[in-house]
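J.: My file is upload.pdb. It has PDB, C-alpha atoms:
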```pdb
ATOM      1  CA  ASP A   2      56.235 -34.137-123.963  1.00  0.00           C
ATOM      2  CA  ILE A   3      56.656 -31.507-121.260  1.00  0.00           C
ATOM      3  CA  GLN A   4      58.940 -28.800-122.667  1.00  0.00           C
ATOM      4  CA  MET A   5      61.342 -27.066-120.288  1.00  0.00           C
ATOM      5  CA  THR A   6      62.305 -23.543-121.360  1.00  0.00           C
ATOM      6  CA  GLN A   7      65.373 -22.311-119.531  1.00  0.00           C
ATOM      7  CA  SER A   8      66.643 -18.728-119.558  1.00  0.00           C
ATOM      8  CA  PRO A   9      68.992 -17.111-120.083  1.00  0.00           C
ATOM      9  CA  SER A  10      71.119 -19.429-122.223  1.00  0.00           C
ATOM     10  CA  THR A  11      74.252 -17.528-121.200  1.00  0.00           C
ATOM     11  CA  LEU A  12      74.823 -15.371-118.158  1.00  0.00           C
ATOM     12  CA  SER A  13      77.889 -13.234-117.421  1.00  0.00           C
ATOM     13  CA  ALA A  14      78.443 -12.324-113.792  1.00  0.00           C
ATOM     14  CA  SER A  15      81.135 -11.408-111.280  1.00  0.00           C
ATOM     15  CA  ILE A  16      82.312 -12.958-108.046  1.00  0.00           C
ATOM     16  CA  GLY A  17      79.913 -11.984-105.288  1.00  0.00           C
ATOM     17  CA  ASP A  18      76.963 -11.318-107.612  1.00  0.00           C
ATOM     18  CA  ARG A  19      73.504 -12.687-106.970  1.00  0.00           C
ATOM     19  CA  VAL A  20      72.238 -14.545-110.037  1.00  0.00           C
ATOM     20  CA  THR A  21      68.919 -16.113-110.976  1.00  0.00           C
ATOM     21  CA  ILE A  22      68.145 -18.702-113.643  1.00  0.00           C
ATOM     22  CA  THR A  23      64.581 -19.414-114.704  1.00  0.00           C
ATOM     23  CA  CYS A  24      62.923 -22.587-115.958  1.00  0.00           C
ATOM     24  CA  ARG A  25      59.382 -22.714-117.327  1.00  0.00           C
ATOM     25  CA  ALA A  26      57.455 -25.933-117.893  1.00  0.00           C
ATOM     26  CA  SER A  27      54.938 -26.244-120.723  1.00  0.00           C
ATOM     27  CA  GLN A  28      52.434 -27.707-118.254  1.00  0.00           C
ATOM     28  CA  SER A  29      52.227 -28.017-114.495  1.00  0.00           C
ATOM     29  CA  ILE A  30      54.817 -30.298-112.918  1.00  0.00           C
ATOM     30  CA  SER A  31      53.884 -29.534-109.302  1.00  0.00           C
ATOM     31  CA  LEU A  32      57.197 -29.508-107.387  1.00  0.00           C
ATOM     32  CA  TRP A  33      58.912 -32.220-109.435  1.00  0.00           C
ATOM     33  CA  LEU A  34      61.904 -30.250-110.638  1.00  0.00           C
ATOM     34  CA  ALA A  35      65.636 -30.571-110.110  1.00  0.00           C
ATOM     35  CA  TRP A  36      68.576 -28.298-110.843  1.00  0.00           C
ATOM     36  CA  TYR A  37      71.963 -29.688-111.859  1.00  0.00           C
ATOM     37  CA  GLN A  38      75.423 -28.154-112.212  1.00  0.00           C
ATOM     38  CA  GLN A  39      77.761 -29.501-114.881  1.00  0.00           C
ATOM     39  CA  LYS A  40      81.412 -28.651-115.376  1.00  0.00           C
ATOM     40  CA  PRO A  41      83.332 -29.451-118.595  1.00  0.00           C
ATOM     41  CA  GLY A  42      84.114 -33.141-118.926  1.00  0.00           C
ATOM     42  CA  LYS A  43      82.155 -34.040-115.791  1.00  0.00           C
ATOM     43  CA  ALA A  44      78.798 -35.604-115.045  1.00  0.00           C
ATOM     44  CA  PRO A  45      75.964 -33.371-113.867  1.00  0.00           C
ATOM     45  CA  LYS A  46      75.612 -32.946-110.106  1.00  0.00           C
ATOM     46  CA  VAL A  47      72.233 -32.394-108.480  1.00  0.00           C
ATOM     47  CA  LEU A  48      71.949 -29.173-106.470  1.00  0.00           C
ATOM     48  CA  ILE A  49      68.225 -28.832-105.794  1.00  0.00           C
ATOM     49  CA  TYR A  50      65.386 -31.370-105.939  1.00  0.00           C
ATOM     50  CA  ASP A  51      61.638 -31.124-105.435  1.00  0.00           C
ATOM     51  CA  ALA A  52      61.973 -27.494-106.579  1.00  0.00           C
ATOM     52  CA  SER A  53      63.444 -26.150-103.341  1.00  0.00           C
ATOM     53  CA  SER A  54      65.172 -28.924-101.356  1.00  0.00           C
ATOM     54  CA  LEU A  55      68.931 -28.561-101.088  1.00  0.00           C
ATOM     55  CA  GLU A  56      70.857 -31.755-101.851  1.00  0.00           C
ATOM     56  CA  SER A  57      73.129 -32.875 -99.035  1.00  0.00           C
ATOM     57  CA  GLY A  58      76.569 -31.289 -99.222  1.00  0.00           C
ATOM     58  CA  VAL A  59      75.530 -28.452-101.548  1.00  0.00           C
ATOM     59  CA  PRO A  60      76.445 -24.962-100.277  1.00  0.00           C
ATOM     60  CA  SER A  61      73.579 -22.933 -98.855  1.00  0.00           C
ATOM     61  CA  ARG A  62      74.202 -20.089-101.341  1.00  0.00           C
ATOM     62  CA  PHE A  63      72.201 -22.215-103.798  1.00  0.00           C
ATOM     63  CA  SER A  64      68.433 -22.074-103.473  1.00  0.00           C
ATOM     64  CA  GLY A  65      65.435 -23.027-105.547  1.00  0.00           C
ATOM     65  CA  SER A  66      61.866 -21.843-105.634  1.00  0.00           C
ATOM     66  CA  GLY A  67      58.679 -22.170-107.612  1.00  0.00           C
ATOM     67  CA  SER A  68      55.873 -24.595-108.336  1.00  0.00           C
ATOM     68  CA  GLY A  69      53.569 -25.513-111.169  1.00  0.00           C
ATOM     69  CA  THR A  70      55.220 -24.072-114.273  1.00  0.00           C
ATOM     70  CA  GLU A  71      57.656 -21.405-113.040  1.00  0.00           C
ATOM     71  CA  PHE A  72      60.886 -22.186-111.231  1.00  0.00           C
ATOM     72  CA  THR A  73      64.069 -20.350-110.313  1.00  0.00           C
ATOM     73  CA  LEU A  74      67.556 -21.240-109.196  1.00  0.00           C
ATOM     74  CA  THR A  75      69.334 -18.507-107.248  1.00  0.00           C
ATOM     75  CA  ILE A  76      72.984 -18.287-106.274  1.00  0.00           C
ATOM     76  CA  SER A  77      73.191 -15.686-103.546  1.00  0.00           C
ATOM     77  CA  SER A  78      76.879 -14.773-103.849  1.00  0.00           C
ATOM     78  CA  LEU A  79      78.838 -16.217-106.760  1.00  0.00           C
ATOM     79  CA  GLN A  80      82.029 -18.062-105.953  1.00  0.00           C
ATOM     80  CA  PRO A  81      84.787 -19.036-108.430  1.00  0.00           C
ATOM     81  CA  ASP A  82      83.697 -22.695-108.285  1.00  0.00           C
ATOM     82  CA  ASP A  83      80.182 -21.792-109.484  1.00  0.00           C
ATOM     83  CA  PHE A  84      81.094 -20.981-113.082  1.00  0.00           C
ATOM     84  CA  ALA A  85      79.564 -23.908-114.929  1.00  0.00           C
ATOM     85  CA  THR A  86      76.486 -24.883-116.932  1.00  0.00           C
ATOM     86  CA  TYR A  87      73.183 -25.337-115.110  1.00  0.00           C
ATOM     87  CA  TYR A  88      70.257 -27.526-116.218  1.00  0.00           C
ATOM     88  CA  CYS A  89      66.734 -27.938-114.940  1.00  0.00           C
ATOM     89  CA  GLN A  90      64.947 -31.287-115.257  1.00  0.00           C
ATOM     90  CA  GLN A  91      61.324 -32.264-114.705  1.00  0.00           C
ATOM     91  CA  TYR A  92      60.424 -35.656-113.279  1.00  0.00           C
ATOM     92  CA  ASN A  93      56.690 -35.175-113.015  1.00  0.00           C
ATOM     93  CA  SER A  94      56.009 -38.166-115.197  1.00  0.00           C
ATOM     94  CA  TYR A  95      57.569 -40.514-117.667  1.00  0.00           C
ATOM     95  CA  SER A  96      56.198 -38.328-120.414  1.00  0.00           C
ATOM     96  CA  PRO A  97      59.332 -38.440-120.915  1.00  0.00           C
ATOM     97  CA  TYR A  98      61.690 -36.875-118.375  1.00  0.00           C
ATOM     98  CA  THR A  99      62.986 -33.682-119.969  1.00  0.00           C
ATOM     99  CA  PHE A 100      65.816 -31.244-119.358  1.00  0.00           C
ATOM    100  CA  GLY A 101      66.153 -27.556-120.080  1.00  0.00           C
ATOM    101  CA  ARG A 102      68.707 -26.552-122.702  1.00  0.00           C
ATOM    102  CA  GLY A 103      71.105 -25.222-120.089  1.00  0.00           C
ATOM    103  CA  THR A 104      72.454 -21.916-118.832  1.00  0.00           C
ATOM    104  CA  LYS A 105      76.177 -21.284-119.156  1.00  0.00           C
ATOM    105  CA  LEU A 106      77.358 -19.089-116.306  1.00  0.00           C
ATOM    106  CA  GLU A 107      80.481 -17.185-117.329  1.00  0.00           C
ATOM    107  CA  ILE A 108      82.849 -14.840-115.582  1.00  0.00           C
ATOM    108  CA  LYS A 109      82.289 -11.195-116.505  1.00  0.00           C
TER     109      LYS A 109
ATOM    110  CA  GLN B  10      79.858 -44.919-101.165  1.00  0.00           C
ATOM    111  CA  LEU B  11      77.794 -45.616-104.275  1.00  0.00           C
ATOM    112  CA  GLN B  12      79.758 -45.602-107.512  1.00  0.00           C
ATOM    113  CA  LEU B  13      78.656 -46.162-111.097  1.00  0.00           C
ATOM    114  CA  GLN B  14      81.013 -46.872-113.981  1.00  0.00           C
ATOM    115  CA  GLU B  15      80.147 -47.070-117.675  1.00  0.00           C
ATOM    116  CA  SER B  16      82.037 -49.389-120.004  1.00  0.00           C
ATOM    117  CA  GLY B  17      81.816 -50.435-123.627  1.00  0.00           C
ATOM    118  CA  PRO B  18      83.143 -49.765-127.129  1.00  0.00           C
ATOM    119  CA  GLY B  19      84.021 -46.160-127.863  1.00  0.00           C
ATOM    120  CA  LEU B  20      83.403 -46.563-131.588  1.00  0.00           C
ATOM    121  CA  VAL B  21      80.352 -48.083-133.262  1.00  0.00           C
ATOM    122  CA  LYS B  22      79.612 -48.325-136.975  1.00  0.00           C
ATOM    123  CA  PRO B  23      76.430 -46.824-138.431  1.00  0.00           C
ATOM    124  CA  SER B  24      73.460 -49.239-138.461  1.00  0.00           C
ATOM    125  CA  GLU B  25      75.048 -51.384-135.729  1.00  0.00           C
ATOM    126  CA  THR B  26      74.053 -51.703-132.067  1.00  0.00           C
ATOM    127  CA  LEU B  27      75.591 -49.589-129.317  1.00  0.00           C
ATOM    128  CA  SER B  28      76.042 -51.603-126.118  1.00  0.00           C
ATOM    129  CA  LEU B  29      77.093 -50.172-122.765  1.00  0.00           C
ATOM    130  CA  ILE B  30      77.285 -51.612-119.274  1.00  0.00           C
ATOM    131  CA  CYS B  31      77.004 -49.721-116.009  1.00  0.00           C
ATOM    132  CA  SER B  32      78.755 -51.443-113.110  1.00  0.00           C
ATOM    133  CA  VAL B  33      77.411 -50.528-109.686  1.00  0.00           C
ATOM    134  CA  SER B  34      79.388 -50.702-106.446  1.00  0.00           C
ATOM    135  CA  GLY B  35      78.418 -49.679-102.943  1.00  0.00           C
ATOM    136  CA  ALA B  36      74.751 -50.664-103.295  1.00  0.00           C
ATOM    137  CA  SER B  37      72.648 -53.532-104.577  1.00  0.00           C
ATOM    138  CA  ILE B  38      71.046 -53.012-107.941  1.00  0.00           C
ATOM    139  CA  SER B  39      68.158 -55.135-106.633  1.00  0.00           C
ATOM    140  CA  SER B  40      67.166 -52.384-104.206  1.00  0.00           C
ATOM    141  CA  ASP B  41      63.428 -51.776-104.236  1.00  0.00           C
ATOM    142  CA  ASN B  42      63.922 -48.093-103.551  1.00  0.00           C
ATOM    143  CA  HIS B  43      65.610 -47.038-106.781  1.00  0.00           C
ATOM    144  CA  CYS B  44      65.564 -46.917-110.549  1.00  0.00           C
ATOM    145  CA  TRP B  45      68.589 -47.054-112.804  1.00  0.00           C
ATOM    146  CA  GLY B  46      68.780 -44.935-115.913  1.00  0.00           C
ATOM    147  CA  TRP B  47      70.687 -43.785-118.964  1.00  0.00           C
ATOM    148  CA  ILE B  48      71.102 -40.214-120.180  1.00  0.00           C
ATOM    149  CA  HIS B  49      73.104 -39.042-123.173  1.00  0.00           C
ATOM    150  CA  GLN B  50      74.696 -35.760-124.190  1.00  0.00           C
ATOM    151  CA  PRO B  51      75.888 -35.076-127.748  1.00  0.00           C
ATOM    152  CA  PRO B  52      79.148 -33.107-127.894  1.00  0.00           C
ATOM    153  CA  GLY B  53      78.537 -29.476-126.942  1.00  0.00           C
ATOM    154  CA  LYS B  54      74.810 -30.020-126.456  1.00  0.00           C
ATOM    155  CA  GLY B  55      72.311 -30.649-123.688  1.00  0.00           C
ATOM    156  CA  LEU B  56      71.119 -33.716-121.808  1.00  0.00           C
ATOM    157  CA  GLU B  57      68.509 -36.189-123.067  1.00  0.00           C
ATOM    158  CA  TRP B  58      66.962 -38.924-120.953  1.00  0.00           C
ATOM    159  CA  ILE B  59      67.042 -42.336-122.662  1.00  0.00           C
ATOM    160  CA  GLY B  60      65.252 -44.588-120.197  1.00  0.00           C
ATOM    161  CA  ASN B  61      65.049 -46.242-116.764  1.00  0.00           C
ATOM    162  CA  ILE B  62      64.710 -49.707-115.339  1.00  0.00           C
ATOM    163  CA  CYS B  63      63.191 -50.012-111.879  1.00  0.00           C
ATOM    164  CA  TYR B  64      62.698 -52.592-109.163  1.00  0.00           C
ATOM    165  CA  GLY B  65      60.736 -55.517-110.536  1.00  0.00           C
ATOM    166  CA  GLY B  66      62.064 -54.932-114.024  1.00  0.00           C
ATOM    167  CA  SER B  67      59.694 -52.209-115.168  1.00  0.00           C
ATOM    168  CA  THR B  68      61.213 -50.180-117.968  1.00  0.00           C
ATOM    169  CA  TYR B  69      60.436 -46.664-119.138  1.00  0.00           C
ATOM    170  CA  TYR B  70      61.832 -45.276-122.384  1.00  0.00           C
ATOM    171  CA  ASN B  71      61.940 -41.930-124.139  1.00  0.00           C
ATOM    172  CA  PRO B  72      59.392 -42.234-126.970  1.00  0.00           C
ATOM    173  CA  SER B  73      61.875 -40.613-129.346  1.00  0.00           C
ATOM    174  CA  LEU B  74      64.199 -43.605-128.905  1.00  0.00           C
ATOM    175  CA  LYS B  75      61.819 -46.325-127.739  1.00  0.00           C
ATOM    176  CA  SER B  76      61.860 -48.360-130.953  1.00  0.00           C
ATOM    177  CA  ARG B  77      65.653 -48.710-130.743  1.00  0.00           C
ATOM    178  CA  VAL B  78      66.354 -48.969-126.988  1.00  0.00           C
ATOM    179  CA  ALA B  79      66.536 -51.813-124.507  1.00  0.00           C
ATOM    180  CA  ILE B  80      67.649 -51.537-120.864  1.00  0.00           C
ATOM    181  CA  SER B  81      68.172 -54.641-118.767  1.00  0.00           C
ATOM    182  CA  VAL B  82      69.625 -55.663-115.403  1.00  0.00           C
ATOM    183  CA  ASP B  83      72.054 -58.420-114.460  1.00  0.00           C
ATOM    184  CA  THR B  84      71.631 -58.794-110.703  1.00  0.00           C
ATOM    185  CA  SER B  85      74.314 -61.491-110.463  1.00  0.00           C
ATOM    186  CA  LYS B  86      76.916 -58.974-111.653  1.00  0.00           C
ATOM    187  CA  ASN B  87      75.277 -55.900-110.078  1.00  0.00           C
ATOM    188  CA  GLN B  88      75.169 -54.275-113.499  1.00  0.00           C
ATOM    189  CA  PHE B  89      72.639 -52.825-115.890  1.00  0.00           C
ATOM    190  CA  SER B  90      73.001 -52.330-119.603  1.00  0.00           C
ATOM    191  CA  LEU B  91      71.909 -50.205-122.536  1.00  0.00           C
ATOM    192  CA  LYS B  92      71.432 -51.373-126.090  1.00  0.00           C
ATOM    193  CA  LEU B  93      70.669 -48.836-128.818  1.00  0.00           C
ATOM    194  CA  SER B  94      70.147 -50.365-132.239  1.00  0.00           C
ATOM    195  CA  SER B  95      70.493 -48.995-135.777  1.00  0.00           C
ATOM    196  CA  VAL B  96      72.750 -46.164-134.649  1.00  0.00           C
ATOM    197  CA  ILE B  97      73.422 -43.103-136.756  1.00  0.00           C
ATOM    198  CA  ALA B  98      75.981 -40.311-136.468  1.00  0.00           C
ATOM    199  CA  ALA B  99      73.540 -38.268-134.384  1.00  0.00           C
ATOM    200  CA  ASP B 100      73.783 -40.934-131.654  1.00  0.00           C
ATOM    201  CA  THR B 101      77.386 -39.852-131.033  1.00  0.00           C
ATOM    202  CA  ALA B 102      77.355 -38.675-127.436  1.00  0.00           C
ATOM    203  CA  VAL B 103      78.627 -39.100-123.923  1.00  0.00           C
ATOM    204  CA  TYR B 104      76.434 -41.748-122.305  1.00  0.00           C
ATOM    205  CA  TYR B 105      75.845 -41.518-118.555  1.00  0.00           C
ATOM    206  CA  CYS B 106      74.338 -44.111-116.251  1.00  0.00           C
ATOM    207  CA  ALA B 107      72.636 -42.829-113.124  1.00  0.00           C
ATOM    208  CA  ARG B 108      70.424 -43.724-110.169  1.00  0.00           C
ATOM    209  CA  LYS B 109      67.228 -42.084-108.961  1.00  0.00           C
ATOM    210  CA  PRO B 110      64.670 -42.814-106.260  1.00  0.00           C
ATOM    211  CA  TYR B 111      61.970 -45.317-107.245  1.00  0.00           C
ATOM    212  CA  SER B 112      59.274 -42.687-106.913  1.00  0.00           C
ATOM    213  CA  TYR B 113      59.651 -39.011-107.723  1.00  0.00           C
ATOM    214  CA  GLY B 114      63.214 -37.730-107.526  1.00  0.00           C
ATOM    215  CA  PRO B 115      66.261 -36.558-109.451  1.00  0.00           C
ATOM    216  CA  PHE B 116      69.220 -38.558-110.706  1.00  0.00           C
ATOM    217  CA  ASN B 117      71.387 -38.135-107.633  1.00  0.00           C
ATOM    218  CA  TYR B 118      74.225 -40.484-108.487  1.00  0.00           C
ATOM    219  CA  TRP B 119      75.944 -40.488-111.891  1.00  0.00           C
ATOM    220  CA  GLY B 120      78.726 -42.366-113.600  1.00  0.00           C
ATOM    221  CA  GLN B 121      81.586 -40.399-115.105  1.00  0.00           C
ATOM    222  CA  GLY B 122      80.269 -40.902-118.642  1.00  0.00           C
ATOM    223  CA  ALA B 123      81.468 -42.793-121.705  1.00  0.00           C
ATOM    224  CA  LEU B 124      81.963 -41.191-125.099  1.00  0.00           C
ATOM    225  CA  VAL B 125      80.597 -43.292-127.930  1.00  0.00           C
ATOM    226  CA  THR B 126      81.307 -42.209-131.488  1.00  0.00           C
ATOM    227  CA  VAL B 127      79.247 -43.514-134.398  1.00  0.00           C
ATOM    228  CA  SER B 128      81.414 -43.588-137.491  1.00  0.00           C
ATOM    229  CA  SER B 129      82.462 -45.962-140.236  1.00  0.00           C
TER     230      SER B 129
END
```
Show the structure stored in the file as structure tokens.
T.:
Amino acid sequence: DIQMTQSPSTLSASIGDRVTITCRASQSISLWLAWYQQKPGKAPKVLIYDASSLESGVPSRFSGSGSGTEFTLTISSLQPDDFATYYCQQYNSYSPYTFGRGTKLEIK
Amino acid sequence: QLQLQESGPGLVKPSETLSLICSVSGASISSDNHCWGWIHQPPGKGLEWIGNICYGGSTYYNPSLKSRVAISVDTSKNQFSLKLSSVIAADTAVYYCARKPYSYGPFNYWGQGALVTVSS
């Protein structure tokens, strides 16, 4: 299995802050990585796919970068609606598909 | 607008089979451009992919669950289903159905999720 190591597990930040979440794959997954946002009691929502492509309708303050084994999700200026849990997911192969353990973004 | 909706028993006894249906509206499940999948999330924990079924009926399962899982499609009802046999308490989770592109791509449409509790 391809292991996805996500950090940090918890992140405290303030409105307007720039925040970065990292995801490392245990082997190269090229660009086949997505980032999801999940709020309590709701299904995950895709923000970024193919490492850096912004899903339609997602605010431009979200961006993704990276390739191979190192990936980042950046929120340029935190808004109140952004406090949630974020997951990365690799879809390089059915080896199986795997998710990171999540990053809970909390209000400082 | 594509919508997915999970349905099925909310309580299953240990050693029995968990069965869920995902009803799809706004698109044909026979589309050759997409796969349909199941993901589960134990309470307070992260997401785990269970498996997909794609155009032509090809199925892909998580090896950790493969011996207990079956995913199938009913094109006449525009639905797909999940069966997970010999359930244990650790299978208690919210079960999501979702759609992804046939080739590489994320799960970009999700159902709202269905909580299934395994308990006697």
J.: Calculate how many Å separate atom CA of A:Tyr95 from atom CA of B:Tyr69, rounding to one decimal.
T.: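 Separating atom CA of A:Tyr95 from atom CA of B:Tyr69 is a distance of 6.9 Å.
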J.: Which is closest to A:Tyr87 among B:Val125, B:Cys44, B:Ile97, B:Leu56, if we use all atoms listed in the file?
T.: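 Closest candidate: B:Leu56.
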J.: Write out as JSON, numbers by chain every residue belonging to chain A that has an atom at most 8 Å from any atom of chain B, counting all atoms listed in the file.
T.: {"A": [33, 34, 35, 43, 44, 45, 46, 47, 50, 51, 90, 92, 93, 95, 96, 97, 98, 99, 100, 101, 102, 103]}
J.: Report, in Å with one decimal, the straight-line distance from atom CA of B:Gly17 to atom CA of B:Leu93.
T.: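 Atom CA of B:Leu93 lies at a distance of 12.4 Å from atom CA of B:Gly17.
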J.: What would the list of residues within 8 Å of (66.8, -50.9, -127.7) (file frame) look like as a short mmCIF file (atom, residue, chain, number, x, y, z; two decimals) with C-alpha atoms, in the coordinates of the input, if all atoms listed in the file are what count?
T.:
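Saved as part21.cif:
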```
data_model
loop_
_atom_site.label_atom_id
_atom_site.label_comp_id
_atom_site.auth_asym_id
_atom_site.auth_seq_id
_atom_site.Cartn_x
_atom_site.Cartn_y
_atom_site.Cartn_z
CA LEU B 74 64.20 -43.60 -128.90
CA LYS B 75 61.82 -46.32 -127.74
CA SER B 76 61.86 -48.36 -130.95
CA ARG B 77 65.65 -48.71 -130.74
CA VAL B 78 66.35 -48.97 -126.99
CA ALA B 79 66.54 -51.81 -124.51
CA ILE B 80 67.65 -51.54 -120.86
CA LEU B 91 71.91 -50.20 -122.54
CA LYS B 92 71.43 -51.37 -126.09
CA LEU B 93 70.67 -48.84 -128.82
CA SER B 94 70.15 -50.36 -132.24
#
```
J.: Centre and edge lengths of an axis-aligned box around all listed atoms of stretch 58-74 of chain A, with 6 Å added on each side, are to be given in Å to one decimal, as AutoDock Vina command-line options.
T.:
```
--center_x 65.1 --center_y -25.7 --center_z -106.6 --size_x 35.0 --size_y 23.2 --size_z 27.4
```
J.: For a test of reading the model, state the distance in Å between atom CA of A:Ile22 and atom CA of A:Glu107, rounded to one decimal.
T.: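 Distance between the two atoms: 13.0 Å.
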J.: Show me, as a list in words, the residues that have an atom within 7 Å of A:Ser64 when counting all atoms listed in the file, minus same-chain residues fewer than 4 positions from it.
T.: Ser53, Leu55, Leu74, Thr75 and Ile76 of chain A
J.: Would you pick out the contacts of stretch 10-14 of chain A at 7 Å or less, using only C-alpha atoms, so that residues sharing its chain but fewer than 6 positions from it are not included, and give the list as JSON, numbers by chain?
T.: {"A": [103, 104, 105, 106, 107, 108, 109]}
J.: Restricting the calculation to only C-alpha atoms, which member of B:Asn42, B:Val33, B:Asp83, B:Leu20 is positioned closest to B:Ala102?
T.: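 Ranked by minimum distance to B:Ala102, first place goes to B:Leu20.
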J.: N, CA, C and O atoms for stretch 39-56 of chain A, written as a short mmCIF file (atom, residue, chain, number, x, y, z; two decimals), in the frame of the given file, could you do that?
T.:
```cif
data_model
loop_
_atom_site.label_atom_id
_atom_site.label_comp_id
_atom_site.auth_asym_id
_atom_site.auth_seq_id
_atom_site.Cartn_x
_atom_site.Cartn_y
_atom_site.Cartn_z
N GLN A 39 76.83 -28.67 -114.12
CA GLN A 39 77.76 -29.50 -114.88
C GLN A 39 79.00 -28.69 -115.27
O GLN A 39 78.88 -27.59 -115.82
N LYS A 40 80.14 -29.26 -114.97
CA LYS A 40 81.41 -28.65 -115.38
C LYS A 40 81.97 -29.43 -116.56
O LYS A 40 81.64 -30.62 -116.74
N PRO A 41 82.83 -28.79 -117.37
CA PRO A 41 83.33 -29.45 -118.60
C PRO A 41 83.97 -30.80 -118.30
O PRO A 41 84.79 -30.93 -117.38
N GLY A 42 83.55 -31.81 -119.06
CA GLY A 42 84.11 -33.14 -118.93
C GLY A 42 83.63 -33.93 -117.73
O GLY A 42 84.14 -35.02 -117.47
N LYS A 43 82.66 -33.38 -117.00
CA LYS A 43 82.16 -34.04 -115.79
C LYS A 43 80.67 -34.36 -115.92
O LYS A 43 79.96 -33.76 -116.72
N ALA A 44 80.22 -35.30 -115.10
CA ALA A 44 78.80 -35.60 -115.04
C ALA A 44 78.05 -34.49 -114.32
O ALA A 44 78.62 -33.80 -113.47
N PRO A 45 76.78 -34.33 -114.64
CA PRO A 45 75.96 -33.37 -113.87
C PRO A 45 75.91 -33.76 -112.39
O PRO A 45 76.00 -34.94 -112.04
N LYS A 46 75.72 -32.75 -111.55
CA LYS A 46 75.61 -32.95 -110.11
C LYS A 46 74.33 -32.26 -109.65
O LYS A 46 74.10 -31.09 -109.96
N VAL A 47 73.49 -33.00 -108.91
CA VAL A 47 72.23 -32.39 -108.48
C VAL A 47 72.48 -31.40 -107.36
O VAL A 47 73.23 -31.67 -106.42
N LEU A 48 71.85 -30.23 -107.49
CA LEU A 48 71.95 -29.17 -106.47
C LEU A 48 70.66 -29.07 -105.65
O LEU A 48 70.69 -28.94 -104.43
N ILE A 49 69.55 -29.06 -106.36
CA ILE A 49 68.22 -28.83 -105.79
C ILE A 49 67.28 -29.90 -106.33
O ILE A 49 67.34 -30.25 -107.52
N TYR A 50 66.42 -30.46 -105.49
CA TYR A 50 65.39 -31.37 -105.94
C TYR A 50 64.06 -30.97 -105.31
O TYR A 50 64.02 -30.19 -104.36
N ASP A 51 62.99 -31.50 -105.89
CA ASP A 51 61.64 -31.12 -105.44
C ASP A 51 61.49 -29.60 -105.36
O ASP A 51 60.89 -29.07 -104.44
N ALA A 52 62.05 -28.94 -106.36
CA ALA A 52 61.97 -27.49 -106.58
C ALA A 52 62.77 -26.64 -105.60
O ALA A 52 63.35 -25.62 -106.00
N SER A 53 62.82 -27.03 -104.33
CA SER A 53 63.44 -26.15 -103.34
C SER A 53 64.26 -26.87 -102.27
O SER A 53 64.77 -26.20 -101.36
N SER A 54 64.40 -28.18 -102.36
CA SER A 54 65.17 -28.92 -101.36
C SER A 54 66.64 -28.97 -101.76
O SER A 54 66.96 -29.36 -102.89
N LEU A 55 67.50 -28.60 -100.82
CA LEU A 55 68.93 -28.56 -101.09
C LEU A 55 69.53 -29.96 -100.92
O LEU A 55 69.36 -30.58 -99.86
N GLU A 56 70.20 -30.45 -101.94
CA GLU A 56 70.86 -31.76 -101.85
C GLU A 56 71.94 -31.70 -100.79
O GLU A 56 72.62 -30.67 -100.61
#
```
